[in-house]
file structure.tsv (TSV, C-alpha atoms)
chain	number	residue	atom	x	y	z
A	1	MET	CA	-0.18	-0.07	-3.29
A	2	THR	CA	-3.43	0.65	-1.09
A	3	THR	CA	-4.44	1.75	2.50
A	4	THR	CA	-7.44	1.03	4.65
A	5	SER	CA	-9.97	3.06	6.57
A	6	PRO	CA	-10.29	3.29	10.37
A	7	ALA	CA	-13.16	1.63	12.15
A	8	ALA	CA	-14.02	0.44	15.62
A	9	GLY	CA	-13.81	-3.18	16.64
A	10	ALA	CA	-15.19	-5.12	19.57
A	11	PRO	CA	-12.83	-5.02	22.56
A	12	ARG	CA	-11.24	-8.42	23.18
A	13	THR	CA	-8.40	-9.80	25.24
A	14	ALA	CA	-5.88	-12.15	23.68
A	15	PRO	CA	-7.52	-15.28	25.18
A	16	ASP	CA	-10.91	-14.09	23.90
A	17	ARG	CA	-9.54	-13.73	20.39
A	18	ALA	CA	-7.90	-17.14	20.48
A	19	ALA	CA	-11.07	-18.80	21.69
A	20	ALA	CA	-13.11	-17.07	19.02
A	21	GLY	CA	-10.72	-18.24	16.32
A	22	ARG	CA	-10.77	-21.86	17.48
A	23	SER	CA	-14.55	-21.93	17.42
A	24	GLY	CA	-14.78	-20.13	14.09
A	25	ALA	CA	-16.52	-17.14	15.68
A	26	ALA	CA	-15.47	-13.67	14.57
A	27	PRO	CA	-15.14	-10.36	16.39
A	28	ALA	CA	-17.93	-7.91	15.70
A	29	ALA	CA	-17.19	-5.37	12.98
A	30	VAL	CA	-13.41	-5.69	13.27
A	31	ARG	CA	-11.85	-4.00	10.29
A	32	ASP	CA	-8.96	-1.98	9.06
A	33	THR	CA	-6.58	-0.63	11.68
A	34	ALA	CA	-8.81	-0.99	14.71
A	35	ILE	CA	-7.26	-3.34	17.22
A	36	PRO	CA	-9.44	-5.51	19.45
A	37	GLY	CA	-8.42	-4.12	22.81
A	38	ARG	CA	-9.13	-1.23	25.11
A	39	GLY	CA	-7.97	2.31	24.60
A	40	ARG	CA	-7.99	5.09	27.13
A	41	SER	CA	-11.69	5.68	26.66
A	42	GLY	CA	-12.54	2.04	27.19
A	43	GLY	CA	-13.45	1.50	23.55
A	44	ALA	CA	-11.49	-0.14	20.77
A	45	ALA	CA	-7.89	1.02	20.51
A	46	ARG	CA	-6.55	1.88	17.08
A	47	LEU	CA	-3.28	0.54	15.73
A	48	ARG	CA	-1.91	4.03	15.33
A	49	ALA	CA	1.66	2.83	14.90
A	50	LEU	CA	0.52	1.00	11.77
A	51	ASP	CA	-0.88	4.29	10.45
A	52	GLY	CA	2.50	5.88	10.96
A	53	LEU	CA	4.25	3.02	9.22
A	54	ARG	CA	1.94	3.39	6.24
A	55	LEU	CA	2.81	7.07	5.87
A	56	LEU	CA	6.52	6.27	6.25
A	57	ALA	CA	6.24	3.76	3.40
A	58	ALA	CA	4.46	6.35	1.24
A	59	LEU	CA	7.17	8.93	1.94
A	60	MET	CA	9.81	6.35	0.99
A	61	VAL	CA	8.08	5.89	-2.37
A	62	ALA	CA	7.85	9.66	-2.85
A	63	ALA	CA	11.58	10.02	-2.15
A	64	TYR	CA	12.23	7.39	-4.82
A	65	HIS	CA	9.96	9.10	-7.36
A	66	TYR	CA	11.41	12.57	-6.72
A	67	GLY	CA	15.09	11.82	-6.24
A	68	GLY	CA	15.91	8.14	-6.65
A	69	ARG	CA	15.30	7.46	-10.32
A	70	ASN	CA	15.56	8.94	-13.79
A	71	GLY	CA	12.74	9.28	-16.32
A	72	ASP	CA	10.07	11.98	-16.39
A	73	VAL	CA	11.13	13.43	-13.07
A	74	SER	CA	14.44	14.38	-14.70
A	75	ARG	CA	12.48	16.62	-17.06
A	76	ALA	CA	10.84	18.24	-14.04
A	77	TRP	CA	14.20	18.94	-12.39
A	78	GLY	CA	15.86	19.84	-15.67
A	79	ASP	CA	18.61	17.36	-14.84
A	80	SER	CA	19.11	13.92	-13.34
A	81	PRO	CA	18.08	13.68	-9.65
A	82	ALA	CA	21.53	12.16	-9.08
A	83	HIS	CA	22.96	15.61	-9.82
A	84	GLN	CA	20.27	17.41	-7.82
A	85	PHE	CA	20.84	15.26	-4.73
A	86	PRO	CA	24.44	14.02	-4.91
A	87	ALA	CA	24.48	13.08	-1.22
A	88	LEU	CA	21.02	11.46	-0.99
A	89	SER	CA	20.06	10.12	-4.40
A	90	GLY	CA	21.64	6.76	-3.53
A	91	ALA	CA	19.51	6.52	-0.40
A	92	PHE	CA	16.40	7.70	-2.26
A	93	ALA	CA	16.88	4.84	-4.73
A	94	TYR	CA	15.86	2.40	-1.97
A	95	GLY	CA	12.53	4.18	-1.50
A	96	CYS	CA	10.79	1.90	-3.96
A	97	LEU	CA	10.91	-0.78	-1.26
A	98	GLY	CA	8.16	1.14	0.47
A	99	VAL	CA	5.84	-0.81	-1.83
A	100	GLN	CA	6.94	-4.12	-0.33
A	101	ILE	CA	6.34	-2.70	3.15
A	102	PHE	CA	2.86	-1.62	2.00
A	103	PHE	CA	2.13	-5.17	0.87
A	104	VAL	CA	3.10	-6.60	4.27
A	105	ILE	CA	0.82	-4.06	5.96
A	106	SER	CA	-1.95	-4.90	3.49
A	107	GLY	CA	-1.72	-8.61	4.29
A	108	PHE	CA	-2.13	-7.82	7.99
A	109	VAL	CA	-4.96	-5.32	7.54
A	110	ILE	CA	-6.98	-7.26	4.97
A	111	CYS	CA	-6.93	-10.38	7.15
A	112	LEU	CA	-8.05	-8.25	10.10
A	113	SER	CA	-10.77	-6.45	8.14
A	114	GLY	CA	-12.01	-9.56	6.33
A	115	TRP	CA	-12.39	-11.71	9.44
A	116	GLY	CA	-16.09	-12.22	10.14
A	117	ARG	CA	-17.33	-10.32	7.10
A	118	THR	CA	-19.69	-11.58	4.45
A	119	LEU	CA	-18.36	-11.54	0.91
A	120	ARG	CA	-20.66	-8.64	0.03
A	121	SER	CA	-19.51	-6.63	3.02
A	122	PHE	CA	-15.87	-7.32	2.19
A	123	VAL	CA	-16.30	-6.24	-1.42
A	124	ALA	CA	-18.17	-3.11	-0.33
A	125	SER	CA	-15.41	-2.15	2.09
A	126	ARG	CA	-12.68	-2.56	-0.53
A	127	VAL	CA	-14.48	-0.87	-3.42
A	128	SER	CA	-15.63	2.07	-1.31
A	129	ARG	CA	-12.14	2.51	0.10
A	130	LEU	CA	-10.24	2.33	-3.18
A	131	TYR	CA	-12.32	4.06	-5.80
A	132	PRO	CA	-13.55	7.54	-4.71
A	133	ALA	CA	-10.10	9.10	-4.22
A	134	TYR	CA	-8.77	7.10	-7.17
A	135	TRP	CA	-11.42	8.45	-9.56
A	136	VAL	CA	-10.74	12.04	-8.51
A	137	ALA	CA	-6.96	11.52	-8.78
A	138	ILE	CA	-7.36	10.18	-12.34
A	139	LEU	CA	-9.43	13.19	-13.40
A	140	LEU	CA	-7.19	15.66	-11.58
A	141	VAL	CA	-3.95	14.39	-13.11
A	142	THR	CA	-5.56	14.24	-16.56
A	143	ALA	CA	-6.78	17.84	-16.25
A	144	VAL	CA	-3.40	19.14	-15.05
A	145	PHE	CA	-1.48	17.30	-17.77
A	146	ALA	CA	-3.85	18.78	-20.37
A	147	LEU	CA	-2.81	22.34	-19.44
A	148	PRO	CA	-0.87	23.89	-22.35
A	149	TRP	CA	2.13	24.89	-20.23
A	150	VAL	CA	2.59	21.46	-18.64
A	151	ALA	CA	5.32	19.44	-20.31
A	152	PHE	CA	3.82	16.02	-19.62
A	153	LYS	CA	1.41	14.42	-22.07
A	154	ALA	CA	-2.18	13.66	-21.13
A	155	LEU	CA	-3.77	10.43	-22.30
A	156	SER	CA	-6.61	10.15	-24.79
A	157	PRO	CA	-10.23	10.29	-23.53
A	158	SER	CA	-10.64	6.56	-24.20
A	159	GLU	CA	-7.56	5.70	-22.18
A	160	VAL	CA	-8.67	7.91	-19.31
A	161	LEU	CA	-12.10	6.27	-19.22
A	162	THR	CA	-10.50	2.83	-19.16
A	163	ASN	CA	-8.27	3.94	-16.29
A	164	LEU	CA	-11.37	4.62	-14.20
A	165	THR	CA	-11.95	0.85	-13.99
A	166	MET	CA	-8.54	0.27	-12.34
A	167	LEU	CA	-8.05	-2.54	-14.89
A	168	GLN	CA	-5.88	-0.59	-17.33
A	169	TYR	CA	-2.75	-2.51	-16.41
A	170	PRO	CA	-3.97	-6.00	-17.42
A	171	LEU	CA	-5.78	-4.49	-20.43
A	172	GLY	CA	-2.53	-3.00	-21.73
A	173	VAL	CA	-3.84	0.58	-21.67
A	174	HIS	CA	-1.50	3.47	-20.84
A	175	ARG	CA	-1.72	4.48	-17.20
A	176	VAL	CA	-2.76	7.89	-15.93
A	177	LEU	CA	-1.16	7.12	-12.55
A	178	GLY	CA	2.20	5.38	-12.53
A	179	VAL	CA	1.46	3.82	-9.13
A	180	CYS	CA	-1.63	1.97	-10.35
A	181	TRP	CA	0.36	-1.23	-10.90
A	182	THR	CA	0.46	-1.65	-7.13
A	183	LEU	CA	-3.32	-1.28	-6.96
A	184	TRP	CA	-3.62	-4.05	-9.53
A	185	ALA	CA	-1.52	-6.26	-7.25
A	186	GLU	CA	-3.74	-5.33	-4.30
A	187	MET	CA	-6.89	-6.19	-6.25
A	188	ARG	CA	-5.56	-9.65	-7.08
A	189	PHE	CA	-4.72	-10.23	-3.42
A	190	TYR	CA	-8.23	-9.14	-2.42
A	191	ALA	CA	-9.74	-11.52	-4.95
A	192	LEU	CA	-7.69	-14.49	-3.74
A	193	PHE	CA	-8.41	-13.73	-0.09
A	194	ALA	CA	-12.11	-13.21	-0.77
A	195	LEU	CA	-12.51	-16.51	-2.63
A	196	CYS	CA	-10.37	-18.63	-0.32
A	197	VAL	CA	-11.08	-17.11	3.09
A	198	VAL	CA	-13.95	-14.62	3.19
A	199	LEU	CA	-16.42	-16.62	1.07
A	200	PRO	CA	-16.19	-19.88	3.07
A	201	GLY	CA	-15.72	-17.98	6.36
A	202	ALA	CA	-12.47	-17.04	8.10
A	203	THR	CA	-11.03	-19.51	10.60
A	204	ARG	CA	-7.46	-19.98	11.74
A	205	GLY	CA	-7.15	-23.27	9.88
A	206	ARG	CA	-8.55	-21.84	6.67
A	207	VAL	CA	-6.19	-18.86	6.78
A	208	VAL	CA	-3.19	-21.14	7.45
A	209	LEU	CA	-4.20	-23.32	4.50
A	210	PHE	CA	-4.57	-20.20	2.33
A	211	CYS	CA	-1.06	-19.03	3.24
A	212	ALA	CA	0.54	-22.45	2.70
A	213	GLY	CA	-1.34	-23.11	-0.53
A	214	TRP	CA	-0.57	-19.70	-2.02
A	215	THR	CA	3.12	-19.96	-1.11
A	216	LEU	CA	3.45	-23.33	-2.81
A	217	ALA	CA	1.32	-22.37	-5.82
A	218	ALA	CA	3.31	-19.15	-6.33
A	219	ALA	CA	6.58	-21.10	-6.30
A	220	LEU	CA	5.18	-23.56	-8.85
A	221	ALA	CA	3.95	-20.67	-11.01
A	222	GLN	CA	7.44	-19.19	-10.96
A	223	SER	CA	8.99	-22.46	-12.11
A	224	ALA	CA	6.31	-23.04	-14.77
A	225	HIS	CA	6.90	-19.63	-16.41
A	226	ASP	CA	3.21	-19.52	-17.29
A	227	PRO	CA	1.98	-15.92	-17.81
A	228	PHE	CA	-1.54	-16.63	-16.58
A	229	LEU	CA	-0.40	-18.36	-13.38
A	230	THR	CA	2.17	-15.63	-12.78
A	231	THR	CA	-0.50	-12.95	-13.16
A	232	VAL	CA	-2.93	-14.64	-10.79
A	233	LEU	CA	-0.49	-15.87	-8.14
A	234	MET	CA	2.05	-12.99	-8.23
A	235	PRO	CA	5.15	-14.95	-7.10
A	236	GLN	CA	7.24	-11.79	-6.62
A	237	TYR	CA	4.68	-10.07	-4.35
A	238	ALA	CA	2.85	-13.00	-2.72
A	239	PRO	CA	5.41	-13.43	0.11
A	240	PHE	CA	4.79	-9.93	1.38
A	241	PHE	CA	1.01	-10.28	1.46
A	242	ILE	CA	1.29	-13.76	3.00
A	243	GLY	CA	3.80	-12.54	5.58
A	244	GLY	CA	1.35	-9.83	6.64
A	245	VAL	CA	-1.42	-12.41	7.00
A	246	GLY	CA	0.88	-14.53	9.16
A	247	LEU	CA	1.61	-11.53	11.36
A	248	TYR	CA	-2.10	-10.99	11.84
A	249	LEU	CA	-2.40	-14.58	13.04
A	250	LEU	CA	0.23	-13.79	15.66
A	251	HIS	CA	-1.69	-10.67	16.62
A	252	ARG	CA	-4.96	-12.56	16.92
A	253	PHE	CA	-3.89	-15.85	18.46
A	254	GLY	CA	-0.77	-14.90	20.38
A	255	ARG	CA	2.97	-14.87	19.86
A	256	ARG	CA	3.42	-18.53	20.77
A	257	ASP	CA	1.84	-19.78	17.53
A	258	PRO	CA	4.63	-21.76	15.80
A	259	VAL	CA	2.63	-22.18	12.58
A	260	ALA	CA	2.14	-18.42	12.22
A	261	TRP	CA	5.83	-17.82	12.90
A	262	THR	CA	6.67	-20.36	10.19
A	263	ILE	CA	4.44	-18.51	7.72
A	264	VAL	CA	6.17	-15.23	8.55
A	265	LEU	CA	9.69	-16.69	8.38
A	266	VAL	CA	9.17	-18.47	5.06
A	267	SER	CA	7.54	-15.35	3.60
A	268	TRP	CA	10.47	-13.19	4.70
A	269	LEU	CA	13.00	-15.62	3.21
A	270	ILE	CA	11.22	-15.73	-0.14
A	271	GLY	CA	10.37	-12.03	-0.10
A	272	GLN	CA	13.95	-10.88	0.35
A	273	HIS	CA	14.93	-13.13	-2.56
A	274	TYR	CA	12.47	-11.45	-4.91
A	275	ALA	CA	13.35	-7.98	-3.65
A	276	VAL	CA	17.06	-8.52	-4.30
A	277	ALA	CA	16.44	-10.23	-7.65
A	278	GLY	CA	14.20	-7.41	-8.82
A	279	LEU	CA	16.10	-4.38	-7.55
A	280	TRP	CA	19.80	-5.19	-7.58
A	281	HIS	CA	21.79	-5.04	-10.79
A	282	ALA	CA	25.39	-4.50	-11.77
A	283	PRO	CA	26.59	-0.87	-11.76
A	284	SER	CA	25.62	1.04	-14.88
A	285	ALA	CA	26.41	4.55	-16.03
A	286	HIS	CA	22.86	4.92	-17.37
A	287	ALA	CA	20.84	3.84	-14.33
A	288	PHE	CA	20.64	4.24	-10.59
A	289	SER	CA	22.82	1.38	-9.39
A	290	TYR	CA	23.37	2.35	-5.78
A	291	ARG	CA	21.36	-0.46	-4.29
A	292	SER	CA	23.23	-2.98	-2.20
A	293	ALA	CA	21.79	-6.46	-1.73
A	294	THR	CA	22.56	-6.19	1.98
A	295	VAL	CA	20.64	-2.93	2.32
A	296	ILE	CA	17.69	-4.33	0.34
A	297	ILE	CA	17.52	-7.29	2.72
A	298	ALA	CA	17.78	-4.93	5.69
A	299	ILE	CA	14.86	-2.77	4.49
A	300	VAL	CA	12.67	-5.81	3.77
A	301	THR	CA	13.55	-7.12	7.24
A	302	PHE	CA	12.63	-3.75	8.74
A	303	GLY	CA	9.22	-3.91	7.05
A	304	PHE	CA	8.45	-7.35	8.46
A	305	ALA	CA	9.87	-6.44	11.88
A	306	ALA	CA	7.93	-3.17	12.12
A	307	VAL	CA	4.60	-4.83	11.34
A	308	ALA	CA	5.53	-7.64	13.76
A	309	ALA	CA	6.15	-5.04	16.48
A	310	VAL	CA	2.68	-3.64	15.87
A	311	ALA	CA	1.12	-7.10	15.76
A	312	LEU	CA	2.70	-8.18	19.04
A	313	GLY	CA	1.89	-4.95	20.87
A	314	ALA	CA	5.46	-3.66	21.18
A	315	LEU	CA	4.42	-0.30	19.68
A	316	ARG	CA	1.25	0.12	21.70
A	317	TRP	CA	2.85	3.17	23.32
A	318	ALA	CA	2.77	4.99	19.96
A	319	ASN	CA	-0.85	6.06	20.45
A	320	TRP	CA	-0.67	9.66	19.27
A	321	ARG	CA	-3.78	10.97	17.53
A	322	TRP	CA	-1.81	12.61	14.74
A	323	LEU	CA	-0.83	9.15	13.50
A	324	THR	CA	-4.48	8.50	12.67
A	325	VAL	CA	-4.43	11.59	10.45
A	326	ALA	CA	-1.19	10.34	8.90
A	327	GLY	CA	-2.83	7.03	8.06
A	328	ALA	CA	-5.85	8.78	6.54
A	329	LEU	CA	-3.64	10.86	4.23
A	330	THR	CA	-1.51	7.95	3.02
A	331	TYR	CA	-3.71	6.62	0.21
A	332	PRO	CA	-4.63	9.96	-1.44
A	333	PHE	CA	-1.02	11.11	-1.06
A	334	TYR	CA	0.18	7.92	-2.71
A	335	LEU	CA	-2.21	8.46	-5.63
A	336	VAL	CA	-1.32	12.06	-6.46
A	337	HIS	CA	2.26	12.57	-5.32
A	338	GLU	CA	4.14	11.26	-8.37
A	339	HIS	CA	2.62	12.93	-11.42
A	340	LEU	CA	1.41	16.12	-9.79
A	341	GLY	CA	4.72	16.24	-7.95
A	342	TRP	CA	6.51	16.45	-11.29
A	343	VAL	CA	4.51	19.55	-12.18
A	344	VAL	CA	5.13	21.21	-8.81
A	345	ILE	CA	8.86	20.42	-8.99
A	346	GLY	CA	9.09	22.01	-12.43
A	347	VAL	CA	7.30	25.15	-11.29
A	348	LEU	CA	9.25	25.56	-8.06
A	349	HIS	CA	12.71	24.55	-9.23
A	350	ARG	CA	12.95	25.61	-12.85
A	351	GLY	CA	10.28	28.33	-12.74
A	352	VAL	CA	10.73	30.01	-9.37
A	353	GLY	CA	14.36	28.93	-8.88
A	354	LEU	CA	13.88	27.29	-5.49
A	355	PRO	CA	16.87	25.11	-4.46
A	356	SER	CA	16.58	21.36	-4.92
A	357	TYR	CA	16.17	20.37	-1.27
A	358	ALA	CA	13.67	23.14	-0.59
A	359	THR	CA	11.73	22.14	-3.69
A	360	PHE	CA	11.68	18.53	-2.51
A	361	LEU	CA	10.31	19.44	0.95
A	362	VAL	CA	7.76	21.96	-0.32
A	363	THR	CA	6.51	19.51	-2.95
A	364	VAL	CA	5.99	16.79	-0.33
A	365	GLY	CA	4.19	19.29	1.89
A	366	LEU	CA	1.89	20.43	-0.93
A	367	MET	CA	1.08	16.84	-1.86
A	368	LEU	CA	0.20	16.09	1.77
A	369	LEU	CA	-2.05	19.15	1.79
A	370	LEU	CA	-3.76	17.97	-1.39
A	371	ALA	CA	-4.13	14.52	0.19
A	372	TRP	CA	-5.91	16.13	3.15
A	373	VAL	CA	-8.28	17.91	0.75
A	374	LEU	CA	-9.06	14.64	-1.03
A	375	HIS	CA	-9.58	12.85	2.28
A	376	ARG	CA	-11.79	15.57	3.71
A	377	TRP	CA	-13.89	16.39	0.68
A	378	VAL	CA	-13.87	13.15	-1.31
A	379	GLU	CA	-13.20	10.13	0.86
A	380	ARG	CA	-15.11	11.11	3.99
A	381	PRO	CA	-18.41	11.90	2.23
A	382	LEU	CA	-18.26	9.38	-0.63
A	383	THR	CA	-16.78	6.25	0.98
A	384	PRO	CA	-19.70	5.54	3.35
A	385	ARG	CA	-22.25	6.31	0.65
A	386	LEU	CA	-20.64	3.94	-1.82
A	387	ARG	CA	-20.31	1.27	0.87
A	388	ARG	CA	-24.02	1.52	1.72
A	389	ALA	CA	-24.95	1.45	-1.97
A	390	ILE	CA	-23.12	-1.86	-2.41
A	391	ASP	CA	-24.14	-3.36	0.95
A	392	PRO	CA	-27.38	-1.69	2.13
A	393	ARG	CA	-27.75	-4.15	5.02
A	394	ARG	CA	-24.59	-2.95	6.67
call {"tool": "encode", "arguments": {"input": "structure.tsv", "output": "structure tokens"}}
result
Amino acid sequence: MTTTSPAAGAPRTAPDRAAAGRSGAAPAAVRDTAIPGRGRSGGAARLRALDGLRLLAALMVAAYHYGGRNGDVSRAWGDSPAHQFPALSGAFAYGCLGVQIFFVISGFVICLSGWGRTLRSFVASRVSRLYPAYWVAILLVTAVFALPWVAFKALSPSEVLTNLTMLQYPLGVHRVLGVCWTLWAEMRFYALFALCVVLPGATRGRVVLFCAGWTLAAALAQSAHDPFLTTVLMPQYAPFFIGGVGLYLLHRFGRRDPVAWTIVLVSWLIGQHYAVAGLWHAPSAHAFSYRSATVIIAIVTFGFAAVAAVALGALRWANWRWLTVAGALTYPFYLVHEHLGWVVIGVLHRGVGLPSYATFLVTVGLMLLLAWVLHRWVERPLTPRLRRAIDPRR
């Protein structure tokens, strides 16, 4: 899973955006969560509700990692999270669906940010957004895990160096960050979108063709059981990215676009199928088996509906400045919360003796504080420099 950086866009009304799309013209410098439209100051208004939704999805994932699964976090607690949180562990087990919500948001945001960009500019924006905080998170987790009193094993120097490429997952190298598999999915989406939309130039017709073609190709890849096609086309995640792209079409061209609604509806139908197939299983004494197919469908539906509400302007009233800060913290929080959270949980719960729920809340708070440090002292200075190094003309 990834997030995107804030930036200003050219103010446009809905008819202006539709006319620009029909002619193939693109709004000036529209990217990330800046919405073409006027804010209180007369400039571009930011989709702050989308920032809040991103942080909500990240907190869902954190709840899953801290209290909704077994594995290494059980060593941190000294017991299964099901025993630590008897009333909430079942709810926490659904937190992993925050990833699917992230993918819907990513589809929306990448279509917005890629519209009107050159390929070089698009690549620069993605690389500069993803890598600075990621590199520091890799080194930080490696250093903490290497401490003699930490119970979790650090990887070898060679594995750590490979992890810096963000290609460790396809290379079969052990991961420093457990969440990096979602970044690998994001990178494949970026590559497909860049080749099919950004490179030839974004138009409504080209984006519609991209969504339809990817949906069909992903279904064929699923039926073919071909590892290469499955890796490239990501059948289980494609519907969420495609659904987000369809929602951006509704945002850009208006809610009366039947083709865009069809893209969103088909993506939701296929997406809920993969979510249920991947997350529901028969009750087992050795695994978290609290997930109901009905609840899984409901959460997936919430993700699509929430992004749709943002896309169609229903959440325009949620224009609080603190949501922008929430959006900025989401990506670094997502990177560091799992593995460093294990260490903090062990110190607070088993070392200091803090109760489970207090440990949970304090750990989340400390990880958000660390995310602010990474945003302030890593992302803010390094992201623009890396972007200019890749695309000096920008």
call {"tool": "closest_atom_pairs", "arguments": {"input": "structure.tsv", "of": "region 307-341 of chain A", "to": "region 56-60 of chain A", "cutoff": "10 Å", "atoms": "all atoms listed in the file", "output": "tab-separated table"}}
result
residue	atom	partner	partner_atom	distance
A:Ala326	CA	A:Leu56	CA	9.1
A:Gly327	CA	A:Leu56	CA	9.6
A:Leu329	CA	A:Ala58	CA	9.7
A:Thr330	CA	A:Ala58	CA	6.4
A:Tyr331	CA	A:Ala58	CA	8.2
A:Phe333	CA	A:Ala58	CA	7.6
A:Tyr334	CA	A:Ala58	CA	6.0
A:Leu335	CA	A:Ala58	CA	9.8
A:His337	CA	A:Ala58	CA	9.3
call {"tool": "closest_residue", "arguments": {"input": "structure.tsv", "among": "A:Val141, A:Ala93, A:Leu177, A:Leu216", "to": "Trp280 (chain A)", "atoms": "all atoms listed in the file"}}
result
A:Ala93
call {"tool": "residues_around", "arguments": {"input": "structure.tsv", "residues": "His339 (chain A)", "least_positions_apart": "6", "cutoff": "10 Å", "atoms": "only C-alpha atoms", "output": "count of residues only"}}
result
13
call {"tool": "closest_atom_pairs", "arguments": {"input": "structure.tsv", "of": "region 46-114 of chain A", "to": "region 260-279 of chain A", "cutoff": "12 Å", "atoms": "all atoms listed in the file", "output": "Markdown table"}}
result
| residue | atom | partner | partner_atom | distance |
| --- | --- | --- | --- | --- |
| A:Ala93 | CA | A:Leu279 | CA | 9.7 |
| A:Tyr94 | CA | A:Leu279 | CA | 8.8 |
| A:Gly95 | CA | A:Leu279 | CA | 11.1 |
| A:Cys96 | CA | A:Leu279 | CA | 9.0 |
| A:Leu97 | CA | A:Ala275 | CA | 8.0 |
| A:Gly98 | CA | A:Ala275 | CA | 11.3 |
| A:Val99 | CA | A:Ala275 | CA | 10.5 |
| A:Gln100 | CA | A:Ala275 | CA | 8.2 |
| A:Ile101 | CA | A:Gly271 | CA | 10.7 |
| A:Phe103 | CA | A:Gly271 | CA | 10.8 |
| A:Val104 | CA | A:Ser267 | CA | 9.8 |
| A:Gly107 | CA | A:Val264 | CA | 11.1 |
| A:Phe108 | CA | A:Val264 | CA | 11.1 |
call {"tool": "write_last_selection", "arguments": {"input": "structure.tsv", "atoms": "C-alpha atoms", "output": "PDB file, in the coordinates of the input"}}
result
ATOM      1  CA  ALA A  93      16.880   4.840  -4.730  1.00  0.00           C
ATOM      2  CA  TYR A  94      15.860   2.400  -1.970  1.00  0.00           C
ATOM      3  CA  GLY A  95      12.530   4.180  -1.500  1.00  0.00           C
ATOM      4  CA  CYS A  96      10.790   1.900  -3.960  1.00  0.00           C
ATOM      5  CA  LEU A  97      10.910  -0.780  -1.260  1.00  0.00           C
ATOM      6  CA  GLY A  98       8.160   1.140   0.470  1.00  0.00           C
ATOM      7  CA  VAL A  99       5.840  -0.810  -1.830  1.00  0.00           C
ATOM      8  CA  GLN A 100       6.940  -4.120  -0.330  1.00  0.00           C
ATOM      9  CA  ILE A 101       6.340  -2.700   3.150  1.00  0.00           C
ATOM     10  CA  PHE A 103       2.130  -5.170   0.870  1.00  0.00           C
ATOM     11  CA  VAL A 104       3.100  -6.600   4.270  1.00  0.00           C
ATOM     12  CA  GLY A 107      -1.720  -8.610   4.290  1.00  0.00           C
ATOM     13  CA  PHE A 108      -2.130  -7.820   7.990  1.00  0.00           C
TER      14      PHE A 108
END
call {"tool": "residues_around", "arguments": {"input": "structure.tsv", "residues": "Ser80 (chain A)", "least_positions_apart": "3", "cutoff": "12 Å", "atoms": "all atoms listed in the file", "output": "PyMOL selection string"}}
result
chain A and resi 65-77+83-86+89+286-288+356
call {"tool": "residues_around", "arguments": {"input": "structure.tsv", "residues": "Pro235 (chain A)", "least_positions_apart": "2", "cutoff": "7 Å", "atoms": "only C-alpha atoms", "output": "PyMOL selection string"}}
result
chain A and resi 218-219+222+230+233+237-238
call {"tool": "closest_residue", "arguments": {"input": "structure.tsv", "among": "A:Leu47, A:Val197, A:Leu161, A:Leu354", "to": "Phe210 (chain A)", "atoms": "only C-alpha atoms"}}
result
A:Val197
call {"tool": "atom_distance", "arguments": {"input": "structure.tsv", "atom1": "CA of Arg120 (chain A)", "atom2": "CA of Arg388 (chain A)"}}
result
10.8 Å
call {"tool": "residues_near_point", "arguments": {"input": "structure.tsv", "point": "(-5.4, 9.5, -24.7)", "cutoff": "10 Å", "atoms": "all atoms listed in the file", "output": "list in words"}}
result
Thr142, Lys153, Ala154, Leu155, Ser156, Pro157, Ser158, Glu159, Val160, Leu161, Val173, His174, Arg175 and Val176 of chain A
call {"tool": "closest_residue", "arguments": {"input": "structure.tsv", "among": "A:Ala314, A:Val300, A:Leu139, A:Cys211", "to": "Val259 (chain A)", "atoms": "only C-alpha atoms"}}
result
A:Cys211
call {"tool": "residues_around", "arguments": {"input": "structure.tsv", "residues": "Ala91 (chain A)", "least_positions_apart": "5", "cutoff": "9 Å", "atoms": "only C-alpha atoms", "output": "PyMOL selection string"}}
result
chain A and resi 63-64+68+290-291
call {"tool": "decode", "arguments": {"input": "structure.tsv", "residues": "region 162-169 of chain A", "atoms": "N, CA and C atoms", "output": "mmCIF file, in the first residue's frame"}}
result
data_model
loop_
_atom_site.group_PDB
_atom_site.id
_atom_site.type_symbol
_atom_site.label_atom_id
_atom_site.label_comp_id
_atom_site.auth_asym_id
_atom_site.auth_seq_id
_atom_site.Cartn_x
_atom_site.Cartn_y
_atom_site.Cartn_z
ATOM 1 N N THR A 162 19.165 -5.367 -0.881
ATOM 2 C CA THR A 162 18.184 -5.696 -1.913
ATOM 3 C C THR A 162 16.845 -5.064 -1.615
ATOM 4 N N ASN A 163 16.482 -5.007 -0.340
ATOM 5 C CA ASN A 163 15.212 -4.394 0.052
ATOM 6 C C ASN A 163 15.147 -2.923 -0.328
ATOM 7 N N LEU A 164 16.279 -2.258 -0.422
ATOM 8 C CA LEU A 164 16.281 -0.841 -0.771
ATOM 9 C C LEU A 164 15.750 -0.594 -2.186
ATOM 10 N N THR A 165 15.757 -1.617 -3.031
ATOM 11 C CA THR A 165 15.246 -1.461 -4.399
ATOM 12 C C THR A 165 13.726 -1.499 -4.461
ATOM 13 N N MET A 166 13.073 -2.010 -3.442
ATOM 14 C CA MET A 166 11.634 -2.259 -3.388
ATOM 15 C C MET A 166 11.233 -3.413 -4.316
ATOM 16 N N LEU A 167 12.204 -4.194 -4.760
ATOM 17 C CA LEU A 167 11.935 -5.336 -5.639
ATOM 18 C C LEU A 167 12.211 -6.662 -4.945
ATOM 19 N N GLN A 168 12.323 -6.642 -3.613
ATOM 20 C CA GLN A 168 12.638 -7.863 -2.888
ATOM 21 C C GLN A 168 11.558 -8.922 -3.027
ATOM 22 N N TYR A 169 10.311 -8.489 -3.124
ATOM 23 C CA TYR A 169 9.220 -9.462 -3.183
ATOM 24 C C TYR A 169 9.298 -10.323 -4.449
#
